[in-house]
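What follows is the content of input07.pdb (PDB, C-alpha atoms).
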ATOM      1  CA  MET Q 170     -21.311  49.258 -66.965  1.00  0.00           C
ATOM      2  CA  GLU Q 171     -24.149  51.694 -67.528  1.00  0.00           C
ATOM      3  CA  PHE Q 172     -26.346  53.463 -65.007  1.00  0.00           C
ATOM      4  CA  THR Q 173     -29.321  55.632 -65.960  1.00  0.00           C
ATOM      5  CA  ALA Q 174     -31.741  57.858 -64.082  1.00  0.00           C
ATOM      6  CA  GLN Q 175     -34.523  60.155 -65.229  1.00  0.00           C
ATOM      7  CA  CYS Q 176     -34.247  63.766 -64.150  1.00  0.00           C
ATOM      8  CA  HIS Q 177     -36.720  66.452 -65.210  1.00  0.00           C
ATOM      9  CA  GLY Q 178     -37.962  64.363 -68.120  1.00  0.00           C
ATOM     10  CA  PHE Q 179     -34.607  63.387 -69.617  1.00  0.00           C
ATOM     11  CA  PRO Q 180     -32.119  60.601 -68.916  1.00  0.00           C
ATOM     12  CA  ILE Q 181     -28.752  61.057 -67.287  1.00  0.00           C
ATOM     13  CA  ARG Q 182     -26.371  58.240 -68.187  1.00  0.00           C
ATOM     14  CA  VAL Q 183     -23.137  57.056 -66.633  1.00  0.00           C
ATOM     15  CA  ASN Q 184     -21.017  54.707 -68.741  1.00  0.00           C
ATOM     16  CA  THR Q 185     -17.731  53.115 -67.769  1.00  0.00           C
ATOM     17  CA  CYS Q 186     -14.945  51.734 -69.906  1.00  0.00           C
ATOM     18  CA  PRO Q 187     -11.985  49.952 -68.319  1.00  0.00           C
ATOM     19  CA  MET Q 188      -8.660  50.937 -69.873  1.00  0.00           C
ATOM     20  CA  GLY Q 189      -6.141  48.456 -68.515  1.00  0.00           C
ATOM     21  CA  GLU Q 190      -5.821  49.320 -64.828  1.00  0.00           C
ATOM     22  CA  ASP Q 191      -7.444  52.723 -65.385  1.00  0.00           C
ATOM     23  CA  LEU Q 192     -11.081  53.707 -65.791  1.00  0.00           C
ATOM     24  CA  SER Q 193     -12.797  56.028 -68.247  1.00  0.00           C
ATOM     25  CA  VAL Q 194     -16.264  57.311 -67.338  1.00  0.00           C
ATOM     26  CA  SER Q 195     -18.768  59.427 -69.254  1.00  0.00           C
ATOM     27  CA  VAL Q 196     -21.635  61.267 -67.607  1.00  0.00           C
ATOM     28  CA  THR Q 197     -24.095  62.721 -70.097  1.00  0.00           C
ATOM     29  CA  GLY Q 198     -27.706  63.701 -70.307  1.00  0.00           C
ATOM     30  CA  GLY Q 199     -30.464  66.196 -70.449  1.00  0.00           C
ATOM     31  CA  VAL Q 200     -31.766  67.798 -73.608  1.00  0.00           C
ATOM     32  CA  SER Q 201     -28.382  67.847 -75.328  1.00  0.00           C
ATOM     33  CA  PRO Q 202     -25.662  65.420 -74.152  1.00  0.00           C
ATOM     34  CA  HIS Q 203     -22.176  66.677 -75.006  1.00  0.00           C
ATOM     35  CA  ILE Q 204     -18.637  67.039 -73.642  1.00  0.00           C
ATOM     36  CA  GLY Q 205     -18.348  70.148 -71.500  1.00  0.00           C
ATOM     37  CA  GLY Q 206     -15.713  69.201 -68.962  1.00  0.00           C
ATOM     38  CA  VAL Q 207     -13.073  66.539 -68.461  1.00  0.00           C
ATOM     39  CA  SER Q 208     -11.440  65.651 -65.151  1.00  0.00           C
ATOM     40  CA  VAL Q 209      -8.586  63.201 -64.567  1.00  0.00           C
ATOM     41  CA  ALA Q 210      -7.651  62.094 -61.072  1.00  0.00           C
ATOM     42  CA  HIS Q 211      -4.417  60.180 -60.577  1.00  0.00           C
ATOM     43  CA  MET Q 212      -2.013  59.294 -57.816  1.00  0.00           C
ATOM     44  CA  VAL Q 213       1.118  61.395 -57.229  1.00  0.00           C
ATOM     45  CA  ASP Q 214       3.289  60.506 -54.233  1.00  0.00           C
ATOM     46  CA  GLY Q 215       0.382  58.673 -52.609  1.00  0.00           C
ATOM     47  CA  ARG Q 216      -2.032  61.590 -53.003  1.00  0.00           C
ATOM     48  CA  ILE Q 217      -4.758  62.220 -55.540  1.00  0.00           C
ATOM     49  CA  ARG Q 218      -4.043  64.946 -58.065  1.00  0.00           C
ATOM     50  CA  LEU Q 219      -6.836  66.393 -60.191  1.00  0.00           C
ATOM     51  CA  GLU Q 220      -6.394  67.761 -63.728  1.00  0.00           C
ATOM     52  CA  GLU Q 221      -9.336  69.585 -65.344  1.00  0.00           C
ATOM     53  CA  ILE Q 222     -10.365  70.934 -68.742  1.00  0.00           C
ATOM     54  CA  SER Q 223     -13.518  73.008 -69.124  1.00  0.00           C
ATOM     55  CA  LEU Q 224     -14.901  74.067 -72.462  1.00  0.00           C
ATOM     56  CA  PRO Q 225     -15.915  77.748 -72.613  1.00  0.00           C
ATOM     57  CA  GLY Q 226     -19.359  78.416 -71.193  1.00  0.00           C
ATOM     58  CA  HIS Q 227     -19.711  75.003 -69.557  1.00  0.00           C
ATOM     59  CA  LYS Q 228     -20.044  74.127 -65.874  1.00  0.00           C
ATOM     60  CA  ASP Q 229     -19.731  70.360 -66.194  1.00  0.00           C
ATOM     61  CA  LEU Q 230     -16.554  70.224 -64.071  1.00  0.00           C
ATOM     62  CA  THR Q 231     -18.805  70.254 -61.016  1.00  0.00           C
ATOM     63  CA  VAL Q 232     -19.825  66.696 -61.858  1.00  0.00           C
ATOM     64  CA  SER Q 233     -16.718  65.405 -63.656  1.00  0.00           C
ATOM     65  CA  SER Q 234     -14.401  66.471 -60.812  1.00  0.00           C
ATOM     66  CA  LEU Q 235     -16.680  64.964 -58.183  1.00  0.00           C
ATOM     67  CA  TYR Q 236     -16.681  61.641 -60.044  1.00  0.00           C
ATOM     68  CA  ALA Q 237     -12.956  61.612 -60.804  1.00  0.00           C
ATOM     69  CA  LYS Q 238     -11.898  62.340 -57.218  1.00  0.00           C
ATOM     70  CA  ARG Q 239     -14.354  59.925 -55.618  1.00  0.00           C
ATOM     71  CA  LEU Q 240     -13.573  57.060 -57.978  1.00  0.00           C
ATOM     72  CA  ALA Q 241      -9.804  57.574 -57.727  1.00  0.00           C
ATOM     73  CA  GLU Q 242     -10.095  57.536 -53.922  1.00  0.00           C
ATOM     74  CA  VAL Q 243     -12.072  54.285 -53.983  1.00  0.00           C
ATOM     75  CA  LEU Q 244     -10.149  52.519 -56.742  1.00  0.00           C
ATOM     76  CA  ARG Q 245      -6.673  53.976 -56.074  1.00  0.00           C
ATOM     77  CA  ARG Q 246      -6.035  54.242 -59.809  1.00  0.00           C
ATOM     78  CA  THR Q 247      -6.279  56.783 -62.600  1.00  0.00           C
ATOM     79  CA  VAL Q 248      -9.810  57.819 -63.542  1.00  0.00           C
ATOM     80  CA  CYS Q 249     -10.835  60.049 -66.464  1.00  0.00           C
ATOM     81  CA  VAL Q 250     -14.362  61.486 -66.459  1.00  0.00           C
ATOM     82  CA  SER Q 251     -15.959  63.403 -69.314  1.00  0.00           C
ATOM     83  CA  CYS Q 252     -19.230  65.147 -68.567  1.00  0.00           C
ATOM     84  CA  GLY Q 253     -21.854  67.008 -70.534  1.00  0.00           C
ATOM     85  CA  ILE Q 254     -25.361  67.536 -69.218  1.00  0.00           C
ATOM     86  CA  HIS Q 255     -27.584  70.237 -70.673  1.00  0.00           C
ATOM     87  CA  TYR Q 256     -31.082  71.418 -69.819  1.00  0.00           C
ATOM     88  CA  ASP Q 257     -32.540  74.528 -71.461  1.00  0.00           C
ATOM     89  CA  ARG Q 258     -33.017  77.406 -69.013  1.00  0.00           C
ATOM     90  CA  ALA Q 259     -32.613  75.235 -65.913  1.00  0.00           C
ATOM     91  CA  THR Q 260     -33.527  76.913 -62.653  1.00  0.00           C
ATOM     92  CA  LYS Q 261     -31.292  76.816 -59.585  1.00  0.00           C
ATOM     93  CA  GLU Q 262     -33.575  74.185 -58.047  1.00  0.00           C
ATOM     94  CA  GLN Q 263     -33.441  72.057 -61.195  1.00  0.00           C
ATOM     95  CA  LEU Q 264     -29.638  72.306 -61.252  1.00  0.00           C
ATOM     96  CA  GLU Q 265     -29.561  71.124 -57.635  1.00  0.00           C
ATOM     97  CA  ASP Q 266     -31.804  68.172 -58.593  1.00  0.00           C
ATOM     98  CA  ILE Q 267     -29.530  67.314 -61.520  1.00  0.00           C
ATOM     99  CA  VAL Q 268     -26.414  67.328 -59.339  1.00  0.00           C
ATOM    100  CA  ALA Q 269     -28.232  65.218 -56.717  1.00  0.00           C
ATOM    101  CA  CYS Q 270     -29.181  62.733 -59.437  1.00  0.00           C
ATOM    102  CA  THR Q 271     -25.554  62.473 -60.595  1.00  0.00           C
ATOM    103  CA  ARG Q 272     -24.430  61.932 -56.983  1.00  0.00           C
ATOM    104  CA  LYS Q 273     -26.918  59.071 -56.631  1.00  0.00           C
ATOM    105  CA  LEU Q 274     -25.611  57.493 -59.837  1.00  0.00           C
ATOM    106  CA  LEU Q 275     -22.035  57.912 -58.579  1.00  0.00           C
ATOM    107  CA  GLU Q 276     -22.828  56.015 -55.396  1.00  0.00           C
ATOM    108  CA  GLU Q 277     -24.501  53.257 -57.425  1.00  0.00           C
ATOM    109  CA  LEU Q 278     -21.328  53.031 -59.517  1.00  0.00           C
ATOM    110  CA  VAL Q 279     -19.087  52.932 -56.432  1.00  0.00           C
ATOM    111  CA  ALA Q 280     -21.219  50.143 -54.954  1.00  0.00           C
ATOM    112  CA  ALA Q 281     -21.074  48.155 -58.200  1.00  0.00           C
ATOM    113  CA  LEU Q 282     -17.286  48.486 -58.386  1.00  0.00           C
ATOM    114  CA  GLY Q 283     -17.195  46.980 -54.906  1.00  0.00           C
TER     115      GLY Q 283
END

Produce structure tokens that represent the structure in this file.
Amino acid sequence: MEFTAQCHGFPIRVNTCPMGEDLSVSVTGGVSPHIGGVSVAHMVDGRIRLEEISLPGHKDLTVSSLYAKRLAEVLRRTVCVSCGIHYDRATKEQLEDIVACTRKLLEELVAALG
């Protein structure tokens, strides 16, 4: 599945790829899509455990962790989310808009997964 939204003149894309019972998700966008953070949420003793990797200088875990935890809660399976969204010299307000846009896309994804 793919979900796309425009935010400050550039697309933000969410793509999913089933991997057996698990789910891989990429969230990319802005001026320069990339991989800046990776979050994996999985079940341990009935609770969700989150593993994170952040590349130096990146703040993409804000989005990847949000997605991984939410999707693992809903699906009750392992979810891996890679994220890389970049806007040149984004203001605090623009960053808030970008995160809000990713949250909207996340809820669209949750609804589609049923």

* To do: Rank Q:Cys270, Q:Cys249, Q:Val279, Q:Leu224 by their smallest atom-to-atom distance to Q:Glu190, using all atoms listed in the file, and report the top residue only.
  =>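 Closest to Q:Glu190 of all the choices is Q:Cys249.
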
* Find the residue from Q:Ser208, Q:Ser233, Q:Thr185, Q:Ser193 that sits nearest to Q:Ile254; use only C-alpha atoms when measuring. =>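 Of all the options, Q:Ser233 lies closest to Q:Ile254.
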
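From atom CA of Q:Arg218 back to atom CA of Q:Val268, the distance works out to 22.5 Å.
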
* To do: Would you please work out which residue, of Q:Gly189, Q:Lys261, Q:Ala280, Q:Pro180, is nearest to Q:Pro202 when using all atoms listed in the file?
  =>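 Closest to Q:Pro202, using all atoms listed in the file: Q:Pro180.
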
* To do: Could you tell me which of Q:Asn184, Q:Ser251, Q:Gln263, Q:Thr271 comes closest to Q:Ile222 if we count all atoms listed in the file?
  =>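 Closest candidate: Q:Ser251.
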
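The residue that comes closest to Q:Lys273, out of Q:Cys252, Q:Cys186, Q:Leu235, Q:Leu230 and on the basis of only C-alpha atoms, is Q:Leu235.
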
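Taken over the shown file, the PyMOL selection byres ((chain Q and resi 198) around 10) identifies Thr173, Ala174, Gln175, Cys176, Phe179, Pro180, Ile181, Arg182, Val183, Ser195, Val196, Thr197, Gly199, Val200, Ser201, Pro202, His203, Cys252, Gly253, Ile254, His255, Tyr256 and Ile267 of chain Q.
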
* So which one's closest to Q:Leu275, Q:Leu219, Q:Ile204, Q:Ala237, Q:Val209? Using all atoms listed in the file, please. ->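 Counting all atoms listed in the file, the residue closest to Q:Leu275 is Q:Ala237.
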